[in-house]
$ cat target_23.csv   # CSV, C-alpha atoms and all ligand atoms
chain,number,residue,atom,x,y,z
A,10,MET,CA,16.3,16.7,-21.4
A,11,SER,CA,15.8,12.9,-21.4
A,12,LYS,CA,14.9,10.3,-19.0
A,13,GLY,CA,14.8,6.5,-19.2
A,14,VAL,CA,12.3,4.3,-17.4
A,15,SER,CA,13.4,0.7,-17.4
A,16,ILE,CA,10.6,-1.8,-18.1
A,17,ARG,CA,10.8,-5.1,-16.3
A,18,GLU,CA,7.4,-5.6,-14.7
A,19,LYS,CA,3.9,-4.4,-14.8
A,20,LEU,CA,4.5,-1.7,-12.2
A,21,ASP,CA,7.0,-0.1,-14.6
A,22,VAL,CA,4.3,0.4,-17.1
A,23,PHE,CA,2.6,2.5,-14.5
A,24,HIS,CA,5.8,4.4,-13.8
A,25,ALA,CA,6.2,5.1,-17.5
A,26,ARG,CA,2.7,6.5,-17.6
A,27,GLN,CA,3.1,8.7,-14.6
A,28,HIS,CA,6.3,10.0,-16.1
A,29,VAL,CA,4.8,11.0,-19.4
A,30,ARG,CA,1.8,12.6,-17.8
A,31,GLY,CA,4.1,14.8,-15.7
A,32,LEU,CA,6.3,15.7,-18.7
A,33,ALA,CA,3.2,16.4,-20.9
A,34,GLY,CA,1.8,18.7,-18.1
A,35,GLN,CA,5.1,20.7,-18.0
A,36,LEU,CA,5.1,21.1,-21.8
A,37,GLY,CA,1.6,22.4,-21.9
A,38,PHE,CA,-0.2,19.5,-23.4
A,39,GLY,CA,-4.0,19.5,-22.8
A,40,HIS,CA,-5.8,17.1,-20.6
A,41,ILE,CA,-6.9,14.7,-23.4
A,42,ALA,CA,-3.5,14.8,-25.1
A,43,ARG,CA,-1.9,13.9,-21.8
A,44,GLU,CA,-4.0,10.9,-21.3
A,45,GLU,CA,-3.4,9.9,-25.0
A,46,LEU,CA,0.3,10.0,-24.3
A,47,ALA,CA,-0.2,7.9,-21.2
A,48,ILE,CA,-1.9,5.3,-23.4
A,49,VAL,CA,1.0,5.5,-25.9
A,50,ALA,CA,3.5,4.9,-23.2
A,51,SER,CA,1.4,2.1,-21.8
A,52,GLU,CA,1.1,0.3,-25.2
A,53,LEU,CA,4.9,0.6,-25.9
A,54,ALA,CA,5.8,-0.6,-22.5
A,55,THR,CA,3.3,-3.5,-22.5
A,56,ASN,CA,4.7,-4.7,-25.8
A,57,ILE,CA,8.2,-4.7,-24.3
A,58,LEU,CA,7.0,-6.9,-21.5
A,59,LYS,CA,5.0,-9.1,-23.8
A,60,TYR,CA,7.5,-9.6,-26.6
A,61,ALA,CA,11.0,-8.9,-25.2
A,62,GLY,CA,10.6,-9.3,-21.4
A,63,VAL,CA,12.8,-6.4,-20.6
A,64,GLY,CA,13.6,-3.0,-22.2
A,65,GLU,CA,13.5,0.7,-21.7
A,66,LEU,CA,11.3,3.7,-22.5
A,67,GLU,CA,13.1,6.9,-23.0
A,68,PHE,CA,11.4,10.2,-22.9
A,69,ARG,CA,12.8,13.3,-24.6
A,70,THR,CA,11.5,16.7,-25.3
A,71,VAL,CA,12.0,18.3,-28.7
A,72,GLU,CA,11.4,21.7,-30.2
A,73,ASP,CA,10.1,22.0,-33.8
A,74,PRO,CA,10.3,25.4,-35.4
A,75,VAL,CA,6.7,25.0,-36.8
A,76,ARG,CA,5.0,22.6,-34.4
A,77,GLY,CA,6.6,23.8,-31.2
A,78,ALA,CA,7.3,21.6,-28.3
A,79,GLY,CA,6.9,17.8,-28.5
A,80,ILE,CA,7.6,14.6,-26.7
A,81,VAL,CA,9.6,11.7,-28.2
A,82,ILE,CA,9.1,8.3,-26.6
A,83,GLU,CA,11.6,5.7,-27.6
A,84,ALA,CA,10.9,2.1,-26.7
A,85,ARG,CA,14.0,-0.1,-26.9
A,86,ASP,CA,14.5,-3.7,-26.2
A,87,ALA,CA,16.8,-6.5,-27.4
A,88,GLY,CA,13.9,-8.9,-28.1
A,89,PRO,CA,13.2,-10.7,-31.3
A,90,GLY,CA,12.1,-7.5,-33.1
A,91,ILE,CA,9.1,-6.9,-35.3
A,92,GLU,CA,9.0,-9.0,-38.4
A,93,ASN,CA,6.9,-6.6,-40.5
A,94,PHE,CA,6.2,-3.2,-39.0
A,95,SER,CA,3.6,-2.1,-41.5
A,96,PHE,CA,1.6,-5.2,-40.5
A,97,ALA,CA,2.2,-4.7,-36.8
A,98,VAL,CA,0.6,-1.2,-36.8
A,99,ARG,CA,-2.6,-2.5,-38.4
A,100,ASP,CA,-5.5,-3.3,-36.1
A,101,GLY,CA,-6.0,-7.0,-35.7
A,102,TYR,CA,-2.6,-7.7,-37.1
A,103,GLY,CA,0.5,-9.2,-35.5
A,104,GLY,CA,4.0,-8.6,-36.7
A,105,SER,CA,3.7,-11.3,-39.3
A,106,GLY,CA,0.2,-11.0,-40.5
A,107,PRO,CA,-3.5,-11.0,-39.5
A,108,LEU,CA,-4.3,-12.4,-36.1
A,109,ASP,CA,-6.9,-15.1,-35.6
A,110,PRO,CA,-9.9,-13.2,-34.1
A,111,ALA,CA,-10.9,-16.3,-32.2
A,112,LYS,CA,-7.6,-16.3,-30.4
A,113,LEU,CA,-7.3,-12.6,-29.8
A,114,LEU,CA,-8.5,-12.6,-26.2
A,115,THR,CA,-6.5,-15.5,-25.0
A,116,ARG,CA,-3.3,-13.9,-26.1
A,117,GLY,CA,-3.9,-10.9,-23.8
A,118,GLY,CA,-4.6,-8.1,-26.2
A,119,ILE,CA,-6.8,-7.1,-29.1
A,120,GLY,CA,-4.0,-6.5,-31.6
A,121,ALA,CA,-4.5,-2.8,-31.7
A,122,GLY,CA,-1.8,-1.4,-29.4
A,123,LEU,CA,0.4,0.0,-32.1
A,124,GLY,CA,-2.7,1.0,-34.1
A,125,ALA,CA,-3.6,3.2,-31.1
A,126,VAL,CA,-0.1,4.6,-30.9
A,127,VAL,CA,-0.4,5.6,-34.6
A,128,ARG,CA,-3.7,7.3,-34.0
A,129,MET,CA,-2.4,9.1,-30.9
A,130,THR,CA,0.9,10.4,-32.1
A,131,ASP,CA,2.2,12.6,-35.0
A,132,ALA,CA,5.0,10.2,-36.1
A,133,LEU,CA,5.9,6.6,-35.5
A,134,GLU,CA,9.2,5.1,-36.7
A,135,TYR,CA,10.8,1.7,-36.3
A,136,GLU,CA,14.5,0.9,-36.3
A,137,TYR,CA,16.1,-2.5,-36.0
A,138,GLU,CA,19.9,-2.6,-35.8
A,139,ALA,CA,22.2,-5.3,-34.5
A,140,GLY,CA,19.6,-7.0,-32.4
A,141,ASN,CA,18.4,-3.7,-30.9
A,142,LYS,CA,15.0,-2.6,-31.7
A,143,CYS,CA,13.5,0.9,-31.3
A,144,VAL,CA,10.0,2.1,-31.7
A,145,ARG,CA,10.0,5.9,-31.7
A,146,ALA,CA,6.8,7.9,-31.3
A,147,THR,CA,6.6,11.6,-31.4
A,148,ARG,CA,3.7,13.9,-30.4
A,149,TYR,CA,3.7,17.7,-30.6
A,150,VAL,CA,1.7,20.1,-28.6
A,151,ARG,CA,0.6,22.0,-31.7
A,152,PRO,CA,0.0,19.1,-34.0
A,153,GLU,CA,-0.9,18.6,-37.6
A,154,ARG,CA,-2.6,15.4,-36.7
A,155,ARG,CA,-3.9,12.6,-38.7
A,156,ASP,CA,-7.6,12.7,-38.0
A,157,VAL,CA,-8.8,10.0,-35.6
A,158,THR,CA,-12.0,9.4,-37.6
B,29,MET,CA,35.8,12.6,49.6
B,30,SER,CA,34.1,15.6,51.0
B,31,ALA,CA,32.6,18.8,49.5
B,32,GLY,CA,34.8,20.7,51.9
B,33,THR,CA,37.8,20.0,49.7
B,34,ILE,CA,36.8,22.5,46.9
B,35,SER,CA,36.1,26.1,47.2
B,36,GLU,CA,32.7,27.7,46.8
B,37,ASN,CA,33.9,29.4,43.6
B,38,VAL,CA,34.7,26.1,42.0
B,39,VAL,CA,31.3,24.8,43.0
B,40,ARG,CA,29.7,27.8,41.3
B,41,GLU,CA,31.8,27.2,38.2
B,42,ARG,CA,30.8,23.5,38.1
B,43,ILE,CA,27.1,24.4,38.4
B,44,ALA,CA,27.5,26.9,35.6
B,45,ASP,CA,29.1,24.2,33.5
B,46,VAL,CA,26.1,21.9,34.1
B,47,LEU,CA,23.5,24.6,33.3
B,48,MET,CA,25.3,25.7,30.1
B,49,MET,CA,25.6,22.1,28.9
B,50,LEU,CA,21.9,21.4,29.6
B,51,ALA,CA,20.9,24.7,27.9
B,52,SER,CA,22.9,23.7,24.7
B,53,ILE,CA,21.3,20.3,24.7
B,54,THR,CA,17.8,21.8,25.1
B,55,SER,CA,18.5,24.1,22.1
B,56,GLY,CA,19.3,21.1,19.9
B,57,SER,CA,23.0,20.2,20.3
B,58,THR,CA,23.6,16.5,20.5
B,59,SER,CA,27.3,16.5,21.1
B,60,ASP,CA,27.8,18.7,24.2
B,61,ARG,CA,28.8,16.8,27.3
B,62,LEU,CA,30.3,17.8,30.7
B,63,PRO,CA,34.1,17.4,30.9
B,64,ALA,CA,35.1,13.9,32.0
B,65,GLU,CA,38.6,14.8,33.2
B,66,LEU,CA,37.8,15.8,36.8
B,67,PRO,CA,40.0,14.3,39.5
B,68,GLU,CA,38.4,11.1,40.7
B,69,ASP,CA,38.0,12.3,44.3
B,70,ASP,CA,36.2,15.5,43.0
B,71,PRO,CA,32.7,15.3,44.4
B,72,PHE,CA,31.4,16.5,41.0
B,73,ALA,CA,33.0,13.7,39.1
B,74,ALA,CA,30.2,11.2,39.8
B,75,LEU,CA,27.5,13.8,39.2
B,76,TYR,CA,29.0,14.8,35.8
B,77,ALA,CA,29.3,11.1,34.8
B,78,GLY,CA,25.6,10.6,35.8
B,79,ILE,CA,24.4,13.6,33.9
B,80,ASN,CA,26.4,12.7,30.8
B,81,GLU,CA,24.9,9.2,30.9
B,82,VAL,CA,21.3,10.5,31.1
B,83,VAL,CA,22.0,12.9,28.3
B,84,ASP,CA,23.5,10.1,26.2
B,85,THR,CA,20.4,7.9,26.7
B,86,LEU,CA,18.0,10.8,25.9
B,87,ILE,CA,19.8,11.7,22.7
B,88,SER,CA,20.2,8.2,21.4
B,89,GLY,CA,16.5,7.6,22.1
B,90,GLN,CA,15.6,10.8,20.3
B,91,GLU,CA,17.8,9.7,17.3
B,92,ARG,CA,16.1,6.3,17.2
B,93,LEU,CA,12.7,8.0,17.2
B,94,GLU,CA,13.8,10.3,14.3
B,95,THR,CA,15.0,7.3,12.3
B,96,TYR,CA,11.9,5.4,13.0
B,97,LYS,CA,9.8,8.4,12.0
B,98,GLY,CA,11.7,8.8,8.8
B,99,GLU,CA,11.3,5.1,8.0
B,100,LEU,CA,7.6,5.2,8.8
B,101,GLU,CA,7.1,8.2,6.5
B,102,ALA,CA,9.0,6.5,3.7
B,103,LYS,CA,6.9,3.4,4.1
B,104,LEU,CA,3.6,5.3,4.2
B,105,ASP,CA,4.7,7.1,1.0
B,106,LEU,CA,5.5,3.8,-0.6
B,107,ILE,CA,2.2,2.3,0.4
B,108,GLU,CA,0.4,5.3,-1.0
B,109,ARG,CA,2.3,5.0,-4.3
B,110,GLN,CA,1.7,1.3,-4.5
B,111,ARG,CA,-1.9,1.7,-3.7
B,112,SER,CA,-2.5,4.0,-6.7
B,113,ALA,CA,-0.4,1.7,-8.8
B,114,ILE,CA,-2.5,-1.3,-7.8
B,115,ARG,CA,-5.6,0.6,-8.5
B,116,GLU,CA,-4.3,1.5,-12.0
B,117,LEU,CA,-3.0,-1.9,-12.8
B,118,SER,CA,-5.7,-4.2,-11.5
B,119,THR,CA,-9.1,-5.1,-12.9
B,120,PRO,CA,-11.3,-5.8,-9.9
B,121,VAL,CA,-14.8,-7.3,-10.2
B,122,ILE,CA,-16.9,-6.4,-7.3
B,123,GLU,CA,-20.1,-8.1,-6.5
B,124,VAL,CA,-22.0,-5.1,-5.1
B,125,TRP,CA,-25.3,-7.0,-4.7
B,126,ALA,CA,-26.4,-10.5,-5.3
B,127,ASN,CA,-26.1,-11.0,-9.1
B,128,VAL,CA,-24.9,-7.5,-9.6
B,129,LEU,CA,-21.3,-6.9,-10.6
B,130,CYS,CA,-19.4,-3.7,-10.8
B,131,LEU,CA,-16.1,-3.2,-12.7
B,132,PRO,CA,-14.5,0.1,-11.9
B,133,VAL,CA,-11.7,1.1,-14.3
B,134,VAL,CA,-9.1,3.5,-13.0
B,135,GLY,CA,-6.1,4.9,-14.8
B,136,VAL,CA,-6.0,4.2,-18.5
B,137,MET,CA,-8.0,2.0,-20.8
B,138,ASP,CA,-5.3,0.5,-23.0
B,139,THR,CA,-5.5,-2.6,-25.1
B,140,ALA,CA,-4.1,-4.9,-22.4
B,141,ARG,CA,-6.6,-3.5,-20.0
B,142,SER,CA,-9.6,-4.0,-22.3
B,143,ALA,CA,-8.5,-7.6,-22.9
B,144,GLU,CA,-8.2,-8.2,-19.2
B,145,MET,CA,-11.5,-6.7,-18.5
B,146,THR,CA,-13.3,-8.8,-21.1
B,147,GLU,CA,-11.9,-11.9,-19.6
B,148,ALA,CA,-12.6,-10.9,-16.0
B,149,LEU,CA,-16.1,-9.8,-16.9
B,150,LEU,CA,-17.1,-12.8,-18.9
B,151,ARG,CA,-15.7,-15.2,-16.3
B,152,ALA,CA,-17.4,-13.3,-13.3
B,153,VAL,CA,-20.7,-13.2,-15.1
B,154,THR,CA,-20.7,-16.9,-15.5
B,155,GLU,CA,-19.2,-17.8,-12.1
B,156,LYS,CA,-21.3,-15.5,-10.1
B,157,LYS,CA,-24.4,-16.0,-12.2
B,158,ALA,CA,-24.7,-12.2,-12.5
B,159,ARG,CA,-27.7,-10.6,-14.2
B,160,TYR,CA,-26.5,-7.1,-14.3
B,161,ALA,CA,-22.9,-5.8,-14.8
B,162,ILE,CA,-21.9,-2.2,-14.5
B,163,ILE,CA,-18.7,-1.0,-16.0
B,164,ASP,CA,-17.7,2.2,-14.4
B,165,VAL,CA,-15.3,4.3,-16.6
B,166,THR,CA,-15.6,7.5,-14.5
B,167,GLY,CA,-12.1,9.0,-14.6
B,168,ILE,CA,-11.1,7.4,-17.9
B,169,GLU,CA,-10.8,10.4,-20.2
B,170,VAL,CA,-9.8,8.8,-23.4
B,171,MET,CA,-10.1,5.6,-25.3
B,172,ASP,CA,-8.7,4.6,-28.6
B,173,THR,CA,-11.3,4.0,-31.3
B,174,ARG,CA,-10.5,0.4,-31.5
B,175,THR,CA,-10.5,-0.1,-27.8
B,176,ALA,CA,-13.9,1.6,-27.6
B,177,ASP,CA,-15.2,-0.7,-30.3
B,178,HIS,CA,-13.9,-3.7,-28.4
B,179,PHE,CA,-15.4,-2.4,-25.3
B,180,LEU,CA,-18.9,-2.1,-26.8
B,181,ARG,CA,-18.6,-5.5,-28.3
B,182,MET,CA,-17.8,-6.9,-24.8
B,183,ALA,CA,-20.8,-5.2,-23.4
B,184,LYS,CA,-22.9,-6.9,-26.0
B,185,ALA,CA,-21.2,-10.3,-25.5
B,186,VAL,CA,-22.4,-10.2,-21.9
B,187,ARG,CA,-25.9,-10.5,-23.2
B,188,LEU,CA,-25.1,-13.8,-24.7
B,189,LEU,CA,-24.5,-15.0,-21.3
B,190,GLY,CA,-27.9,-13.9,-20.1
B,191,ALA,CA,-26.9,-10.8,-18.3
B,192,GLU,CA,-27.2,-7.1,-19.0
B,193,CYS,CA,-24.1,-4.9,-19.2
B,194,VAL,CA,-24.4,-1.1,-18.8
B,195,VAL,CA,-21.7,1.5,-18.8
B,196,ALA,CA,-21.4,4.4,-16.4
B,197,GLY,CA,-19.5,7.6,-16.5
B,198,ILE,CA,-18.5,7.9,-20.2
B,199,SER,CA,-16.5,11.1,-20.6
B,200,PRO,CA,-17.4,13.6,-23.3
B,201,SER,CA,-14.3,12.8,-25.2
B,202,ILE,CA,-15.0,9.0,-25.3
B,203,ALA,CA,-18.6,9.8,-26.3
B,204,GLN,CA,-17.2,11.7,-29.2
B,205,THR,CA,-14.9,8.9,-30.1
B,206,ILE,CA,-17.9,6.5,-30.2
B,207,VAL,CA,-20.0,8.8,-32.2
B,208,HIS,CA,-17.2,9.3,-34.8
B,209,MET,CA,-16.8,5.5,-35.0
B,210,GLY,CA,-20.4,5.2,-36.1
B,211,VAL,CA,-20.7,1.8,-34.3
B,212,ASP,CA,-23.9,0.2,-33.6
B,213,LEU,CA,-24.9,1.2,-30.1
B,214,SER,CA,-28.0,-1.0,-29.8
B,215,GLY,CA,-27.9,-3.0,-26.7
B,216,VAL,CA,-25.6,-0.8,-24.8
B,217,ILE,CA,-27.1,1.4,-22.2
B,218,THR,CA,-25.2,4.2,-20.5
B,219,TYR,CA,-25.6,6.1,-17.3
B,220,ARG,CA,-23.9,9.3,-16.1
B,221,THR,CA,-22.8,7.8,-12.9
B,222,MET,CA,-22.4,4.5,-11.2
B,223,ARG,CA,-25.0,5.6,-8.8
B,224,GLU,CA,-27.6,6.1,-11.5
B,225,ALA,CA,-26.9,2.7,-12.9
B,226,MET,CA,-27.4,1.1,-9.5
B,227,GLU,CA,-30.6,3.1,-8.8
B,228,ALA,CA,-32.0,2.1,-12.2
B,229,HIS,CA,-31.4,-1.5,-11.4
B,230,ALA,CA,-32.7,-1.3,-7.8
B,231,LYS,CA,-35.8,0.6,-8.7
B,232,ALA,CA,-37.2,-2.0,-11.0
B,233,GLY,CA,-36.2,-5.0,-8.8
B,234,SER,CA,-34.0,-7.7,-10.2
B,235,PHE,CA,-36.8,-9.9,-11.5
B,236,SER,CA,-37.1,-8.6,-15.0
B,237,LYS,CA,-33.9,-7.2,-16.1
B,238,HIS,CA,-35.3,-5.7,-19.3
B,239,GLU,CA,-38.0,-3.9,-17.4
B,240,ALA,CA,-35.4,-2.7,-14.9
B,241,LEU,CA,-33.4,-1.2,-17.7
B,242,ALA,CA,-36.3,0.4,-19.4
B,243,ASN,CA,-37.5,2.0,-16.2
B,244,GLY,CA,-34.0,3.1,-15.4
B,245,ALA,CA,-33.6,4.8,-18.7
B,246,ASP,CA,-36.9,6.7,-18.0
B,247,THR,CA,-35.4,8.4,-15.1
B,248,GLN,CA,-32.6,9.7,-17.2
B,249,ASN,CA,-32.9,13.0,-19.0
B,250,GLY,CA,-29.4,13.4,-20.4
B,251,GLU,CA,-29.1,13.5,-24.1
B,252,ARG,CA,-26.7,10.6,-24.2
B,253,ASP,CA,-29.2,8.5,-22.2
B,254,ARG,CA,-32.1,9.4,-24.5
B,255,GLU,CA,-29.8,8.5,-27.3
B,256,SER,CA,-28.9,5.1,-25.9
B,257,ARG,CA,-32.6,4.3,-25.1
B,258,ARG,CA,-33.6,5.2,-28.6
B,259,GLN,CA,-30.9,2.9,-29.9
B,260,GLU,CA,-32.0,0.2,-27.5
B,261,ASN,CA,-35.6,0.4,-28.7
B,262,GLY,CA,-34.5,0.6,-32.3
B,263,GLY,CA,-32.3,-2.4,-32.0
C,1,LIG,N1,8.6,-4.9,-28.6
C,1,LIG,C1,8.2,-5.8,-29.5
C,1,LIG,N2,9.0,-6.8,-29.9
C,1,LIG,C2,8.7,-7.7,-30.8
C,1,LIG,N3,7.5,-7.7,-31.4
C,1,LIG,C3,6.7,-6.7,-31.2
C,1,LIG,C4,7.0,-5.7,-30.2
C,1,LIG,N4,6.0,-4.8,-30.1
C,1,LIG,C5,5.0,-5.2,-31.0
C,1,LIG,N5,5.4,-6.4,-31.6
C,1,LIG,C6,4.7,-7.1,-32.7
C,1,LIG,O1,3.8,-6.3,-33.3
C,1,LIG,C7,2.5,-6.8,-33.2
C,1,LIG,C8,1.5,-5.7,-33.0
C,1,LIG,O2,1.6,-5.1,-31.7
C,1,LIG,P1,0.3,-4.4,-31.1
C,1,LIG,O3,0.8,-3.8,-29.8
C,1,LIG,O4,-0.3,-3.6,-32.1
C,1,LIG,O5,-0.7,-5.6,-30.8
C,1,LIG,P2,-0.6,-6.8,-29.7
C,1,LIG,O6,0.5,-6.5,-28.7
C,1,LIG,O7,-0.5,-8.0,-30.4
C,1,LIG,O8,-2.0,-6.7,-29.0
C,1,LIG,P3,-2.5,-5.5,-28.0
C,1,LIG,O9,-1.5,-4.4,-28.1
C,1,LIG,O10,-3.8,-5.1,-28.5
C,1,LIG,O11,-2.6,-6.1,-26.7
C,1,LIG,C9,2.5,-7.8,-32.1
C,1,LIG,O12,1.6,-8.9,-32.3
C,1,LIG,C10,4.0,-8.3,-32.1
C,1,LIG,O13,4.1,-9.4,-33.1
C,2,MG,MG,0.5,-4.5,-27.7

$ encode --input "target_23.csv" --output "structure tokens" --more "lines below"
Ligand SMILES: Nc1ncnc2c1ncn2[C@@H]1O[C@H](COP(=O)(O)OP(=O)(O)OP(=O)(O)O)[C@@H](O)[C@H]1O
Ligand SMILES: [Mg+2]
Amino acid sequence: MSKGVSIREKLDVFHARQHVRGLAGQLGFGHIAREELAIVASELATNILKYAGVGELEFRTVEDPVRGAGIVIEARDAGPGIENFSFAVRDGYGGSGPLDPAKLLTRGGIGAGLGAVVRMTDALEYEYEAGNKCVRATRYVRPERRDVT
Amino acid sequence: MSAGTISENVVRERIADVLMMLASITSGSTSDRLPAELPEDDPFAALYAGINEVVDTLISGQERLETYKGELEAKLDLIERQRSAIRELSTPVIEVWANVLCLPVVGVMDTARSAEMTEALLRAVTEKKARYAIIDVTGIEVMDTRTADHFLRMAKAVRLLGAECVVAGISPSIAQTIVHMGVDLSGVITYRTMREAMEAHAKAGSFSKHEALANGADTQNGERDRESRRQENGG
């Protein structure tokens, strides 16, 4: 089962959120996990708008023998791609290094979107191939989660 | 043309035709009509044509009404969906009172939202010369640690502008996030509800904001409020 939500404007971010909330509800995710997934979808979709202009979020369900059901969110766009993904996932960092704290606010973010995605999912991968970029986040119902603290 | 030219049996038949057609229209058919192929001098020809015309008009009116109703429902549906989207996507700043601002947050608190809020709040506090700002996060269940940290910094930044910023409706899960983060809570006062935050402000009058907040906090008995007051006094 998979569904794509194309991301072109701010309203689509809302649609992506609504979709993942529904899907998470069906799979038996708890209340908090559902809202965390909504934030994950929000961050990935917002990044598409911010850095690539247009793209797509694809939602899939997976079944892991140990961890049970899960949701995979794939964010794809044909934008410039992320220079250094291990930088990008760090709070206060952009794709090419630390962000200037004085300029954080004026650039419409706090440089912690992907950091939040890391904290709220069980796995986060990045693929860049022939101009197509994909950020893949997976979250299971029964997780072996990194602790948020 | 005279009625005398057709037999009484025929008249009965024609009347039966009319009654049956009307009955089928009444029961929902839209296509039934009286036969149009009567001889022109038949006295029923004009009556049939008249009845058919009235039925046509009625049915097309009904169809228009149905279409209209369908469109109206679709539009209302769209408006409802857009309304909730707008609520979730916008960051309104409401001046509930002179010098008192309220920022209700609906939907999710993601990084983009928290950056938008900071900007909107700092601008509104300056422009409207606000002395008290309430951020209402009722309905926001989760916040990422980094967002919560940013959020608390924002509340403190408002102080630099000469106003007080309080937070209403923090969910248990967000409270836990904040506790785990171990951030310095001094200077951030929380209330259970927007209403309590307003009451606390109104009770003490808007002359002395610090007094207002202290008195407001006295009316609270929740653990979290005691906690924040302790922090406030300590810091
Ligand atoms: N879809 C994308 N295309 C290109 N670069 C991206 C994309 N998504 C993220 N990045 C890069 O990764 C960096 C980190 O992203 P992240 O979402 O963590 O922070 P941000 O978008 O800068 O700020 P915030 O999410 O707090 O608003 C960005 O600064 C950007 O350089
Ligand atoms: Mg981002």

$ closest_residue --input "target_23.csv" --among "A:Gly124, A:Gly31, A:Gly64, A:Gly77" --to "chain B" --atoms "all atoms listed in the file"
A:Gly124

$ interface_residues --input "target_23.csv" --of "chain A" --to "chain B" --cutoff "10 Å" --atoms "only C-alpha atoms" --output "ChimeraX atom specification"
/A:19-24,26-27,40-45,47-52,55-56,100-101,113-126,128-129,157-158

$ residues_around --input "target_23.csv" --residues "segment 52-60 of chain B" --least-positions-apart "3" --cutoff "10 Å" --atoms "all atoms listed in the file" --output "PDB file with C-alpha atoms, in the coordinates of the input"
ATOM      1  CA  LEU B  47      23.500  24.600  33.300  1.00  0.00           C
ATOM      2  CA  MET B  48      25.300  25.700  30.100  1.00  0.00           C
ATOM      3  CA  MET B  49      25.600  22.100  28.900  1.00  0.00           C
ATOM      4  CA  PRO B  63      34.100  17.400  30.900  1.00  0.00           C
ATOM      5  CA  ASN B  80      26.400  12.700  30.800  1.00  0.00           C
ATOM      6  CA  VAL B  83      22.000  12.900  28.300  1.00  0.00           C
ATOM      7  CA  ASP B  84      23.500  10.100  26.200  1.00  0.00           C
ATOM      8  CA  LEU B  86      18.000  10.800  25.900  1.00  0.00           C
ATOM      9  CA  ILE B  87      19.800  11.700  22.700  1.00  0.00           C
ATOM     10  CA  SER B  88      20.200   8.200  21.400  1.00  0.00           C
ATOM     11  CA  GLN B  90      15.600  10.800  20.300  1.00  0.00           C
ATOM     12  CA  GLU B  91      17.800   9.700  17.300  1.00  0.00           C
TER      13      GLU B  91
END

$ atom_distance --input "target_23.csv" --atom1 "atom CA of Lys59 of chain A" --atom2 "atom CA of Val144 of chain A"
14.6 Å

$ atom_distance --input "target_23.csv" --atom1 "atom CA of Ile198 of chain B" --atom2 "atom CA of Arg148 of chain A"
25.2 Å

$ atom_distance --input "target_23.csv" --atom1 "atom CA of Asp45 of chain B" --atom2 "atom CA of Thr85 of chain B"
19.7 Å

$ residues_around --input "target_23.csv" --residues "Ala74 of chain B" --least-positions-apart "5" --cutoff "12 Å" --atoms "all atoms listed in the file" --output "VMD selection string"
chain B and resid 29 62 to 69 79 to 81

$ write_last_selection --input "target_23.csv" --atoms "C-alpha atoms" --output "short mmCIF file (atom, residue, chain, number, x, y, z; two decimals), in the coordinates of the input"
data_model
loop_
_atom_site.label_atom_id
_atom_site.label_comp_id
_atom_site.auth_asym_id
_atom_site.auth_seq_id
_atom_site.Cartn_x
_atom_site.Cartn_y
_atom_site.Cartn_z
CA MET B 29 35.80 12.60 49.60
CA LEU B 62 30.30 17.80 30.70
CA PRO B 63 34.10 17.40 30.90
CA ALA B 64 35.10 13.90 32.00
CA GLU B 65 38.60 14.80 33.20
CA LEU B 66 37.80 15.80 36.80
CA PRO B 67 40.00 14.30 39.50
CA GLU B 68 38.40 11.10 40.70
CA ASP B 69 38.00 12.30 44.30
CA ILE B 79 24.40 13.60 33.90
CA ASN B 80 26.40 12.70 30.80
CA GLU B 81 24.90 9.20 30.90
#

$ residues_around --input "target_23.csv" --residues "Gly62 of chain A" --least-positions-apart "4" --cutoff "7 Å" --atoms "all atoms listed in the file" --output "CSV table (one decimal) with C-alpha atoms, in the frame of the given file"
chain,number,residue,atom,x,y,z
A,17,ARG,CA,10.8,-5.1,-16.3
A,57,ILE,CA,8.2,-4.7,-24.3
A,58,LEU,CA,7.0,-6.9,-21.5

$ closest_residue --input "target_23.csv" --among "A:Thr130, A:Thr70, A:Gln35, A:Ser15" --to "Arg85 of chain A" --atoms "only C-alpha atoms"
A:Ser15

$ residues_around --input "target_23.csv" --residues "Val195 of chain B" --least-positions-apart "6" --cutoff "12 Å" --atoms "all atoms listed in the file" --output "PyMOL selection string"
chain B and resi 129-133+160-166+176+179-180+182-184+202-203+213+215-226+252-253+256

$ axis_aligned_box --input "target_23.csv" --around "segment 92-101 of chain A" --padding-each-side "4 Å" --output "lines of an AutoDock Vina configuration file"
center_x = 1.5
center_y = -5.1
center_z = -38.6
size_x = 23.0
size_y = 15.8
size_z = 13.8

$ residues_around --input "target_23.csv" --residues "Arg76 of chain A" --least-positions-apart "2" --cutoff "12 Å" --atoms "all atoms listed in the file" --output "MDAnalysis selection string"
chainID A and resid 71:74 78:80 131 147:154
